[in-house]
$ cat model-v7.tsv   # TSV, C-alpha atoms
chain	number	residue	atom	x	y	z
K	1	MET	CA	0.00	0.00	0.00
K	2	SER	CA	1.41	3.39	-1.01
K	3	HIS	CA	1.06	6.64	0.91
K	4	SER	CA	-1.85	8.76	-0.35
K	5	GLU	CA	0.32	11.89	-0.43
K	6	ASP	CA	2.36	10.24	-3.20
K	7	TYR	CA	-0.72	10.26	-5.39
K	8	ILE	CA	-2.94	13.08	-4.10
K	9	GLN	CA	-1.99	16.67	-3.33
K	10	ILE	CA	-4.17	19.50	-2.07
K	11	ILE	CA	-2.63	22.62	-3.57
K	12	PRO	CA	-3.61	26.27	-4.23
K	13	SER	CA	-5.56	27.03	-7.36
K	14	PRO	CA	-3.52	28.93	-9.98
K	15	TYR	CA	-6.65	30.94	-10.82
K	16	ASN	CA	-7.79	32.05	-7.35
K	17	SER	CA	-5.34	32.26	-4.44
K	18	ASP	CA	-8.17	31.78	-1.93
K	19	TRP	CA	-9.12	28.40	-3.38
K	20	ASN	CA	-7.59	24.94	-3.21
K	21	MET	CA	-7.74	22.06	-5.63
K	22	VAL	CA	-6.98	18.36	-5.53
K	23	ARG	CA	-4.32	17.04	-7.90
K	24	MET	CA	-4.45	13.28	-8.43
K	25	TYR	CA	-1.93	10.97	-10.09
K	26	SER	CA	-2.71	7.59	-11.59
K	27	PRO	CA	-1.31	4.56	-9.75
K	28	ASP	CA	1.70	4.38	-12.11
K	29	ARG	CA	2.14	8.19	-11.74
K	30	ILE	CA	2.62	8.72	-15.49
K	31	SER	CA	-0.54	7.62	-17.29
K	32	GLY	CA	-2.96	10.18	-15.85
K	33	ILE	CA	-3.20	13.41	-13.88
K	34	CYS	CA	-6.43	15.19	-12.99
K	35	GLU	CA	-7.22	18.37	-11.09
K	36	VAL	CA	-10.44	18.98	-9.19
K	37	HIS	CA	-11.24	22.37	-7.69
K	38	LEU	CA	-12.89	22.21	-4.28
K	39	HIS	CA	-15.16	24.98	-5.55
K	40	GLY	CA	-18.01	22.98	-7.05
K	41	ALA	CA	-16.11	19.65	-6.88
K	42	HIS	CA	-15.24	20.78	-10.37
K	43	LEU	CA	-12.96	18.74	-12.63
K	44	THR	CA	-10.85	21.32	-14.51
K	45	SER	CA	-8.15	19.11	-16.01
K	46	TYR	CA	-7.69	15.49	-17.01
K	47	LYS	CA	-4.46	14.72	-18.82
K	48	CYS	CA	-3.81	11.16	-19.77
K	49	ARG	CA	-1.44	9.13	-21.85
K	50	ALA	CA	-3.77	7.16	-24.07
K	51	LYS	CA	-2.93	3.61	-24.90
K	52	PRO	CA	-2.03	3.62	-28.60
K	53	SER	CA	-4.19	1.42	-30.82
K	54	PHE	CA	-2.23	-0.08	-33.72
K	55	SER	CA	-3.41	-2.38	-36.45
K	56	SER	CA	-1.19	-4.87	-38.17
K	57	MET	CA	-1.24	-2.55	-41.18
K	58	ALA	CA	0.03	0.53	-39.30
K	59	SER	CA	3.41	1.70	-40.53
K	60	SER	CA	6.27	2.42	-38.14
K	61	GLU	CA	5.78	6.13	-38.87
K	62	GLU	CA	2.08	5.91	-37.89
K	63	GLN	CA	3.00	4.08	-34.69
K	64	SER	CA	5.55	6.76	-33.83
K	65	ILE	CA	3.01	9.55	-34.40
K	66	ILE	CA	0.33	7.83	-32.32
K	67	THR	CA	2.74	7.28	-29.44
K	68	ARG	CA	3.85	10.92	-29.57
K	69	VAL	CA	0.36	12.49	-29.65
K	70	SER	CA	-0.75	10.23	-26.80
K	71	ASP	CA	1.59	11.97	-24.33
K	72	GLN	CA	0.06	14.57	-22.00
K	73	ASP	CA	-3.27	14.78	-23.82
K	74	GLU	CA	-5.62	17.29	-22.11
K	75	LEU	CA	-9.20	16.08	-22.46
K	76	MET	CA	-11.07	18.90	-20.75
K	77	PHE	CA	-11.83	22.35	-22.14
K	78	VAL	CA	-11.81	25.38	-19.81
K	79	SER	CA	-12.31	28.82	-21.32
K	80	GLU	CA	-9.49	31.33	-20.86
K	81	LYS	CA	-12.24	33.76	-19.80
K	82	ALA	CA	-13.73	31.43	-17.20
K	83	LEU	CA	-14.52	33.06	-13.85
K	84	PHE	CA	-12.93	31.57	-10.75
K	85	ALA	CA	-14.96	33.59	-8.28
K	86	THR	CA	-17.13	33.05	-5.19
K	87	ASP	CA	-20.70	31.96	-6.01
K	88	LYS	CA	-19.88	31.63	-9.73
K	89	ALA	CA	-19.71	28.51	-11.88
K	90	ILE	CA	-16.51	27.76	-13.82
K	91	ARG	CA	-17.00	27.71	-17.59
K	92	GLY	CA	-15.64	24.39	-18.78
K	93	GLY	CA	-14.30	21.17	-17.30
K	94	THR	CA	-17.07	19.19	-15.62
K	95	PRO	CA	-19.54	21.19	-13.55
K	96	ILE	CA	-21.87	19.11	-11.38
K	97	CYS	CA	-25.49	20.00	-12.12
K	98	PHE	CA	-27.34	19.27	-8.88
K	99	PRO	CA	-30.05	19.15	-7.57
K	100	GLN	CA	-31.37	19.81	-11.03
K	101	PHE	CA	-30.33	19.95	-14.65
K	102	SER	CA	-31.38	23.16	-16.44
K	103	ASP	CA	-34.91	23.90	-15.20
K	104	LYS	CA	-35.76	20.26	-14.43
K	105	GLY	CA	-36.61	20.87	-10.79
K	106	ARG	CA	-38.17	23.29	-8.34
K	107	LEU	CA	-35.21	25.68	-8.07
K	108	SER	CA	-35.00	28.99	-9.90
K	109	MET	CA	-31.25	28.49	-10.48
K	110	SER	CA	-30.57	26.74	-13.78
K	111	HIS	CA	-28.42	23.62	-13.17
K	112	GLY	CA	-28.81	24.01	-9.41
K	113	PHE	CA	-26.21	25.34	-6.97
K	114	ALA	CA	-23.72	22.51	-6.29
K	115	ARG	CA	-21.31	23.88	-8.90
K	116	ASN	CA	-21.38	27.31	-7.20
K	117	VAL	CA	-20.36	26.37	-3.66
K	118	PRO	CA	-17.28	24.98	-1.87
K	119	TRP	CA	-16.83	21.28	-1.22
K	120	GLU	CA	-14.39	19.66	1.18
K	121	CYS	CA	-12.04	16.75	0.64
K	122	VAL	CA	-13.01	14.10	3.19
K	123	THR	CA	-11.02	11.01	2.14
K	124	THR	CA	-8.05	10.22	-0.09
K	125	THR	CA	-6.55	6.86	-0.98
K	126	GLY	CA	-3.37	6.14	-2.91
K	127	VAL	CA	-3.13	2.51	-3.95
K	128	SER	CA	-1.02	0.04	-5.87
K	129	ASN	CA	-0.47	-0.29	-9.61
K	130	ASP	CA	-3.45	-2.43	-10.54
K	131	SER	CA	-6.13	-0.27	-8.91
K	132	ALA	CA	-6.93	3.45	-8.63
K	133	THR	CA	-6.25	6.69	-6.80
K	134	VAL	CA	-9.43	7.85	-5.08
K	135	ALA	CA	-10.59	11.16	-3.58
K	136	THR	CA	-14.00	11.83	-2.02
K	137	LEU	CA	-15.37	15.37	-1.83
K	138	ARG	CA	-18.44	16.41	0.16
K	139	MET	CA	-20.63	19.45	-0.45
K	140	ILE	CA	-20.55	21.87	2.47
K	141	LYS	CA	-23.45	22.40	4.84
K	142	SER	CA	-25.11	25.80	5.09
K	143	SER	CA	-23.28	26.64	8.34
K	144	SER	CA	-19.98	26.69	6.38
K	145	TYR	CA	-21.20	28.89	3.53
K	146	LYS	CA	-19.36	32.23	3.34
K	147	GLY	CA	-20.66	33.56	0.03
K	148	ASN	CA	-22.97	36.51	-0.57
K	149	ASN	CA	-25.78	34.97	-2.60
K	150	LYS	CA	-28.98	34.80	-0.53
K	151	GLU	CA	-30.58	32.34	-2.93
K	152	ILE	CA	-27.66	29.91	-2.65
K	153	ALA	CA	-27.70	30.31	1.15
K	154	GLN	CA	-31.39	29.43	1.23
K	155	TYR	CA	-30.99	26.36	-0.99
K	156	LEU	CA	-27.99	25.11	0.96
K	157	ALA	CA	-30.00	25.31	4.18
K	158	GLU	CA	-32.80	23.27	2.61
K	159	TYR	CA	-30.40	20.66	1.24
K	160	ASP	CA	-28.70	20.21	4.61
K	161	ALA	CA	-31.16	17.29	4.70
K	162	LEU	CA	-28.89	15.44	2.25
K	163	ASN	CA	-25.27	14.35	2.29
K	164	VAL	CA	-23.89	14.95	-1.21
K	165	GLU	CA	-20.52	13.54	-2.27
K	166	MET	CA	-18.40	13.26	-5.41
K	167	ILE	CA	-15.95	10.38	-5.73
K	168	PHE	CA	-13.10	10.66	-8.24
K	169	SER	CA	-11.34	7.39	-9.09
K	170	LEU	CA	-8.30	7.71	-11.36
K	171	SER	CA	-6.83	4.52	-12.80
K	172	ASN	CA	-4.02	4.16	-15.32
K	173	ASP	CA	-6.44	4.24	-18.24
K	174	SER	CA	-9.61	6.06	-17.13
K	175	LEU	CA	-11.26	8.52	-14.77
K	176	GLU	CA	-14.49	7.51	-13.06
K	177	MET	CA	-16.70	10.13	-11.40
K	178	THR	CA	-19.53	9.15	-9.06
K	179	LEU	CA	-22.22	11.31	-7.48
K	180	ARG	CA	-23.43	9.83	-4.19
K	181	VAL	CA	-26.48	11.22	-2.41
K	182	GLY	CA	-27.92	10.02	0.89
K	183	GLU	CA	-30.06	11.39	3.67
K	184	ASP	CA	-28.74	13.20	6.70
K	185	SER	CA	-30.33	11.00	9.34
K	186	ARG	CA	-30.57	13.89	11.79
K	187	VAL	CA	-33.24	15.78	9.83
K	188	GLU	CA	-36.95	15.37	10.30
K	189	ASP	CA	-39.22	13.86	7.62
K	190	GLU	CA	-40.74	17.18	6.56
K	191	LYS	CA	-37.38	18.65	5.52
K	192	PHE	CA	-36.33	15.43	3.80
K	193	GLU	CA	-39.56	15.26	1.79
K	194	LYS	CA	-38.86	18.70	0.31
K	195	VAL	CA	-35.50	17.70	-1.21
K	196	LYS	CA	-35.75	13.95	-1.85
K	197	SER	CA	-36.50	14.38	-5.58
K	198	PHE	CA	-33.71	15.61	-7.86
K	199	THR	CA	-32.09	15.46	-11.28
K	200	PHE	CA	-28.38	15.71	-12.05
K	201	ALA	CA	-25.76	15.76	-14.80
K	202	PHE	CA	-22.03	15.71	-15.33
K	203	HIS	CA	-21.80	18.69	-17.69
K	204	ASN	CA	-18.61	17.63	-19.51
K	205	TYR	CA	-16.80	20.10	-21.76
K	206	PHE	CA	-14.37	18.08	-23.88
K	207	ARG	CA	-11.49	19.84	-25.58
K	208	VAL	CA	-11.09	19.54	-29.34
K	209	ASP	CA	-8.72	21.32	-31.69
K	210	ASP	CA	-11.37	21.92	-34.36
K	211	ILE	CA	-15.09	21.19	-33.99
K	212	THR	CA	-15.40	20.76	-37.77
K	213	GLN	CA	-13.19	17.66	-37.53
K	214	VAL	CA	-15.36	15.99	-34.86
K	215	THR	CA	-18.00	13.30	-35.17
K	216	LEU	CA	-20.03	11.64	-32.41
K	217	ASP	CA	-20.51	7.90	-32.44
K	218	GLY	CA	-22.25	5.37	-30.21
K	219	ILE	CA	-25.26	7.57	-29.42
K	220	HIS	CA	-27.45	7.10	-32.46
K	221	ASN	CA	-26.80	3.37	-32.58
K	222	ASN	CA	-27.59	2.82	-28.89
K	223	HIS	CA	-30.81	1.14	-29.96
K	224	HIS	CA	-33.30	1.24	-32.83
K	225	GLY	CA	-35.34	4.43	-32.88
K	226	VAL	CA	-33.21	6.57	-30.58
K	227	GLN	CA	-35.02	9.81	-29.69
K	228	PHE	CA	-33.86	13.20	-28.50
K	229	ILE	CA	-35.47	16.44	-27.40
K	230	ASP	CA	-34.17	19.20	-29.67
K	231	LYS	CA	-34.05	22.35	-27.54
K	232	VAL	CA	-32.89	24.41	-30.52
K	233	LYS	CA	-36.22	23.50	-32.15
K	234	LYS	CA	-38.23	24.45	-29.05
K	235	GLY	CA	-38.37	20.99	-27.53
K	236	GLU	CA	-39.37	19.00	-30.59
K	237	LEU	CA	-39.02	15.23	-30.05
K	238	ILE	CA	-37.03	13.75	-32.93
K	239	THR	CA	-36.56	10.08	-33.79
K	240	VAL	CA	-33.20	9.14	-35.30
K	241	GLU	CA	-33.52	7.32	-38.62
K	242	ASN	CA	-29.79	6.98	-39.36
K	243	SER	CA	-27.53	5.32	-36.81
K	244	SER	CA	-24.30	6.60	-38.41
K	245	PRO	CA	-21.90	8.95	-36.59
K	246	PHE	CA	-22.91	12.60	-36.86
K	247	ALA	CA	-21.03	15.87	-37.10
K	248	ILE	CA	-21.71	19.21	-35.39
K	249	THR	CA	-22.05	21.98	-37.98
K	250	GLN	CA	-24.30	24.43	-36.14
K	251	GLU	CA	-25.78	25.09	-32.71
K	252	VAL	CA	-26.81	21.85	-31.05
K	253	ASP	CA	-28.70	21.27	-27.78
K	254	ARG	CA	-30.10	17.76	-27.50
K	255	VAL	CA	-31.31	15.62	-24.62
K	256	TYR	CA	-31.33	11.95	-25.60
K	257	VAL	CA	-34.04	10.03	-23.77
K	258	ASP	CA	-34.67	6.41	-22.77
K	259	MET	CA	-31.15	5.21	-23.55
K	260	LEU	CA	-30.38	1.53	-22.96
K	261	ASP	CA	-27.33	-0.26	-21.56
K	262	PRO	CA	-24.59	-0.30	-22.58
K	263	ILE	CA	-24.33	3.46	-23.14
K	264	GLU	CA	-21.04	4.64	-24.60
K	265	SER	CA	-20.65	7.99	-26.35
K	266	VAL	CA	-17.54	8.34	-28.49
K	267	ILE	CA	-16.08	11.68	-29.57
K	268	VAL	CA	-13.93	11.08	-32.65
K	269	GLU	CA	-11.59	13.89	-33.73
K	270	ASN	CA	-9.54	13.54	-36.90
K	271	LYS	CA	-6.11	15.12	-36.46
K	272	PRO	CA	-3.93	16.72	-39.17
K	273	THR	CA	-1.52	13.81	-38.65
K	274	ASN	CA	-4.26	11.51	-40.03
K	275	ILE	CA	-4.57	10.01	-36.55
K	276	SER	CA	-7.94	9.99	-34.78
K	277	ARG	CA	-8.40	10.71	-31.09
K	278	MET	CA	-11.36	8.97	-29.49
K	279	ILE	CA	-12.77	10.06	-26.13
K	280	CYS	CA	-15.13	7.43	-24.73
K	281	VAL	CA	-17.75	8.31	-22.11
K	282	SER	CA	-19.63	5.38	-20.57
K	283	GLN	CA	-22.55	5.33	-18.15
K	284	ASN	CA	-25.14	3.01	-16.61
K	285	ALA	CA	-28.73	3.55	-17.76
K	286	ALA	CA	-30.12	2.41	-14.40
K	287	ASN	CA	-28.82	5.59	-12.72
K	288	ALA	CA	-28.03	7.94	-15.62
K	289	GLN	CA	-30.29	7.33	-18.59
K	290	ASN	CA	-29.78	10.58	-20.50
K	291	VAL	CA	-27.06	11.91	-22.77
K	292	VAL	CA	-26.86	15.61	-23.64
K	293	VAL	CA	-24.98	17.00	-26.65
K	294	TRP	CA	-24.41	20.75	-26.63
K	295	ASN	CA	-22.42	23.38	-28.49
K	296	ILE	CA	-23.47	27.01	-28.36
K	297	TRP	CA	-21.96	27.81	-31.80
K	298	SER	CA	-20.61	31.10	-33.07
K	299	GLU	CA	-23.40	33.67	-32.73
K	300	LYS	CA	-24.28	32.91	-29.10
K	301	CYS	CA	-20.66	32.31	-28.14
K	302	GLN	CA	-19.83	35.93	-29.00
K	303	LYS	CA	-22.40	37.09	-26.44
K	304	MET	CA	-21.04	35.01	-23.54
K	305	SER	CA	-19.04	37.06	-21.03
K	306	ASP	CA	-17.02	34.05	-19.86
K	307	MET	CA	-16.14	32.67	-23.30
K	308	LYS	CA	-13.93	33.89	-26.12
K	309	ALA	CA	-15.64	34.52	-29.45
K	310	ASP	CA	-14.14	31.43	-31.05
K	311	ASP	CA	-14.38	29.08	-28.05
K	312	PHE	CA	-17.28	27.23	-29.70
K	313	SER	CA	-14.78	25.69	-32.12
K	314	ARG	CA	-12.69	24.17	-29.32
K	315	TYR	CA	-15.17	22.13	-27.29
K	316	VAL	CA	-18.10	19.77	-27.42
K	317	CYS	CA	-20.28	18.99	-24.43
K	318	VAL	CA	-21.27	15.34	-24.10
K	319	GLU	CA	-23.04	15.13	-20.77
K	320	VAL	CA	-24.20	12.24	-18.61
K	321	GLY	CA	-27.16	12.41	-16.26
K	322	GLN	CA	-30.62	11.53	-15.04
K	323	ILE	CA	-32.67	14.41	-16.40
K	324	GLN	CA	-36.08	13.51	-17.75
K	325	THR	CA	-37.24	11.28	-14.88
K	326	PRO	CA	-36.25	12.59	-11.44
K	327	ILE	CA	-34.60	10.38	-8.87
K	328	VAL	CA	-36.70	9.98	-5.72
K	329	LEU	CA	-34.51	9.11	-2.74
K	330	GLU	CA	-35.92	6.93	0.00
K	331	ARG	CA	-34.97	7.35	3.63
K	332	GLY	CA	-32.13	5.04	4.53
K	333	LYS	CA	-31.13	4.57	0.88
K	334	VAL	CA	-28.18	5.98	-1.11
K	335	PHE	CA	-28.21	7.01	-4.77
K	336	THR	CA	-25.11	6.70	-6.94
K	337	GLY	CA	-24.68	7.76	-10.55
K	338	SER	CA	-21.39	7.45	-12.43
K	339	GLN	CA	-19.53	8.10	-15.65
K	340	LYS	CA	-16.18	6.82	-16.90
K	341	ILE	CA	-13.91	8.75	-19.28
K	342	SER	CA	-11.13	7.17	-21.33
K	343	VAL	CA	-9.22	7.97	-24.52
K	344	LYS	CA	-7.25	6.30	-27.26
K	345	HIS	CA	-5.55	7.29	-30.50
K	346	VAL	CA	-5.99	5.16	-33.59
K	347	SER	CA	-4.58	4.99	-37.08
K	348	PRO	CA	-6.89	4.89	-40.12
K	349	ASN	CA	-6.37	1.14	-40.33
K	350	SER	CA	-7.38	0.45	-36.72
K	351	SER	CA	-10.81	-0.74	-35.62
K	352	LYS	CA	-12.59	2.26	-34.06
K	353	LEU	CA	-15.16	0.65	-31.82
$ encode --input "model-v7.tsv" --output "structure tokens"
Amino acid sequence: MSHSEDYIQIIPSPYNSDWNMVRMYSPDRISGICEVHLHGAHLTSYKCRAKPSFSSMASSEEQSIITRVSDQDELMFVSEKALFATDKAIRGGTPICFPQFSDKGRLSMSHGFARNVPWECVTTTGVSNDSATVATLRMIKSSSYKGNNKEIAQYLAEYDALNVEMIFSLSNDSLEMTLRVGEDSRVEDEKFEKVKSFTFAFHNYFRVDDITQVTLDGIHNNHHGVQFIDKVKKGELITVENSSPFAITQEVDRVYVDMLDPIESVIVENKPTNISRMICVSQNAANAQNVVVWNIWSEKCQKMSDMKADDFSRYVCVEVGQIQTPIVLERGKVFTGSQKISVKHVSPNSSKL
């Protein structure tokens, strides 16, 4: 058993001197590094050395290129104009949307408040080569809130009835994130009843070099007749007729509904080197049945105060959550919902899926 401090460090944020973040190393210390800000339990960086995927037809030059581009590959997009400020959400990385996604809940705050408040690191575990480095963060209670937003203060007080945690598990080849929600056994039934129903999402912003070189696979062929709510078209429900990978060529805001196991969304980006990078996002339909695909595109991006005008070309959001049908927590029970992120680089002659 290795010492946790060899694999997990709590260090100052480079963006806000009043904040701390957790830096985690993979068990082999070279395959992966991630950084999670305690503000919002917010993943702001995941760099990993992807395992190269060669086919028997790949030339030695292709193998060399794949190995080279696999080093220190940053998967997460964070805008250079992102705000790292009290009560604000960070633009990019993976914000935690809780206790609701968008307006899917009783709160007036879109995406809830969990991404706006401090969390605390409660456990860390550094382990041996064949397992994972693990950190558990817990959302603060209202008594610890030091912000200035009265609405956030009110919601935090109400949600004192729940214990909300994020577990980050970094292995040599993937990062797993788990939301865990349980009751605070000290609260009376009336307070618990008010907050027991919720929705959530991992609002992933994945970094790409050029959105025009990106296709999304694995979503439309999840099952026959995949459907999504098209929020660009005012909530129209659309049934997918073609299960092929699809490109993003304009604003997109889709909530895919009733997905079935296994759910794996694959972001394929073709690089100038003729090598494709594939980010795979997997989830379990029993606890996270929805996939969201979002890119604000050029016109709206120019109006965002915390994004650069051309940021739309450098990210795609592929989000995991339970959105359409709320989770209803029972007393004495614990809810968990997870996603796993991994990456690989492939040559044109390699099998992609």
$ atom_distance --input "model-v7.tsv" --atom1 "CA of Glu120 (chain K)" --atom2 "CA of Ala201 (chain K)"
20.0 Å
$ closest_residue --input "model-v7.tsv" --among "K:Glu165, K:Glu193, K:Glu176, K:Asp230" --to "Val257 (chain K)" --atoms "all atoms listed in the file"
K:Asp230
$ closest_atom_pairs --input "model-v7.tsv" --of "region 299-340 of chain K" --to "region 183-188 of chain K" --cutoff "12 Å" --atoms "all atoms listed in the file" --output "JSON lines"
{"residue": "K:Val328", "atom": "CA", "partner": "K:Glu183", "partner_atom": "CA", "distance": 11.6}
{"residue": "K:Leu329", "atom": "CA", "partner": "K:Glu183", "partner_atom": "CA", "distance": 8.1}
{"residue": "K:Glu330", "atom": "CA", "partner": "K:Glu183", "partner_atom": "CA", "distance": 8.2}
{"residue": "K:Arg331", "atom": "CA", "partner": "K:Glu183", "partner_atom": "CA", "distance": 6.4}
{"residue": "K:Gly332", "atom": "CA", "partner": "K:Glu183", "partner_atom": "CA", "distance": 6.7}
{"residue": "K:Lys333", "atom": "CA", "partner": "K:Glu183", "partner_atom": "CA", "distance": 7.4}
{"residue": "K:Val334", "atom": "CA", "partner": "K:Glu183", "partner_atom": "CA", "distance": 7.5}
{"residue": "K:Phe335", "atom": "CA", "partner": "K:Glu183", "partner_atom": "CA", "distance": 9.7}
$ atom_distance --input "model-v7.tsv" --atom1 "CA of Val181 (chain K)" --atom2 "CA of Tyr256 (chain K)"
23.7 Å
$ closest_residue --input "model-v7.tsv" --among "K:Ala247, K:Met278, K:Ile263, K:Val318" --to "Asp73 (chain K)" --atoms "all atoms listed in the file"
K:Met278
$ residues_near_point --input "model-v7.tsv" --point "(-25.5, 19.4, -10.2)" --cutoff "6 Å" --atoms "all atoms listed in the file" --output "number ranges by chain"
K: 96-100, 111-112, 114, 200-201
$ closest_residue --input "model-v7.tsv" --among "K:Glu319, K:Asp173, K:Asp210, K:Asp310" --to "Tyr25 (chain K)" --atoms "only C-alpha atoms"
K:Asp173
$ residues_around --input "model-v7.tsv" --residues "region 6-14 of chain K" --least-positions-apart "2" --cutoff "7 Å" --atoms "all atoms listed in the file" --output "number ranges by chain"
K: 3-4, 16-17, 19-25, 126, 133
$ closest_residue --input "model-v7.tsv" --among "K:Thr94, K:Thr215, K:Ser265, K:Asn270" --to "Phe246 (chain K)" --atoms "all atoms listed in the file"
K:Thr215
$ residues_near_point --input "model-v7.tsv" --point "(-36.8, 22.3, 4.9)" --cutoff "12 Å" --atoms "all atoms listed in the file" --output "PDB file with C-alpha atoms, keeping the file's coordinate frame"
ATOM      1  CA  GLN K 154     -31.390  29.430   1.230  1.00  0.00           C
ATOM      2  CA  TYR K 155     -30.990  26.360  -0.990  1.00  0.00           C
ATOM      3  CA  LEU K 156     -27.990  25.110   0.960  1.00  0.00           C
ATOM      4  CA  ALA K 157     -30.000  25.310   4.180  1.00  0.00           C
ATOM      5  CA  GLU K 158     -32.800  23.270   2.610  1.00  0.00           C
ATOM      6  CA  TYR K 159     -30.400  20.660   1.240  1.00  0.00           C
ATOM      7  CA  ASP K 160     -28.700  20.210   4.610  1.00  0.00           C
ATOM      8  CA  ALA K 161     -31.160  17.290   4.700  1.00  0.00           C
ATOM      9  CA  LEU K 162     -28.890  15.440   2.250  1.00  0.00           C
ATOM     10  CA  VAL K 187     -33.240  15.780   9.830  1.00  0.00           C
ATOM     11  CA  GLU K 188     -36.950  15.370  10.300  1.00  0.00           C
ATOM     12  CA  ASP K 189     -39.220  13.860   7.620  1.00  0.00           C
ATOM     13  CA  GLU K 190     -40.740  17.180   6.560  1.00  0.00           C
ATOM     14  CA  LYS K 191     -37.380  18.650   5.520  1.00  0.00           C
ATOM     15  CA  PHE K 192     -36.330  15.430   3.800  1.00  0.00           C
ATOM     16  CA  GLU K 193     -39.560  15.260   1.790  1.00  0.00           C
ATOM     17  CA  LYS K 194     -38.860  18.700   0.310  1.00  0.00           C
ATOM     18  CA  VAL K 195     -35.500  17.700  -1.210  1.00  0.00           C
ATOM     19  CA  LYS K 196     -35.750  13.950  -1.850  1.00  0.00           C
TER      20      LYS K 196
END
$ atom_distance --input "model-v7.tsv" --atom1 "CA of Gly92 (chain K)" --atom2 "CA of Ser276 (chain K)"
22.9 Å
$ closest_residue --input "model-v7.tsv" --among "K:His224, K:Lys104, K:Lys300, K:Lys271" --to "Val252 (chain K)" --atoms "all atoms listed in the file"
K:Lys300
$ closest_residue --input "model-v7.tsv" --among "K:Leu216, K:Val316, K:Val117, K:Ala41" --to "Ile296 (chain K)" --atoms "only C-alpha atoms"
K:Val316
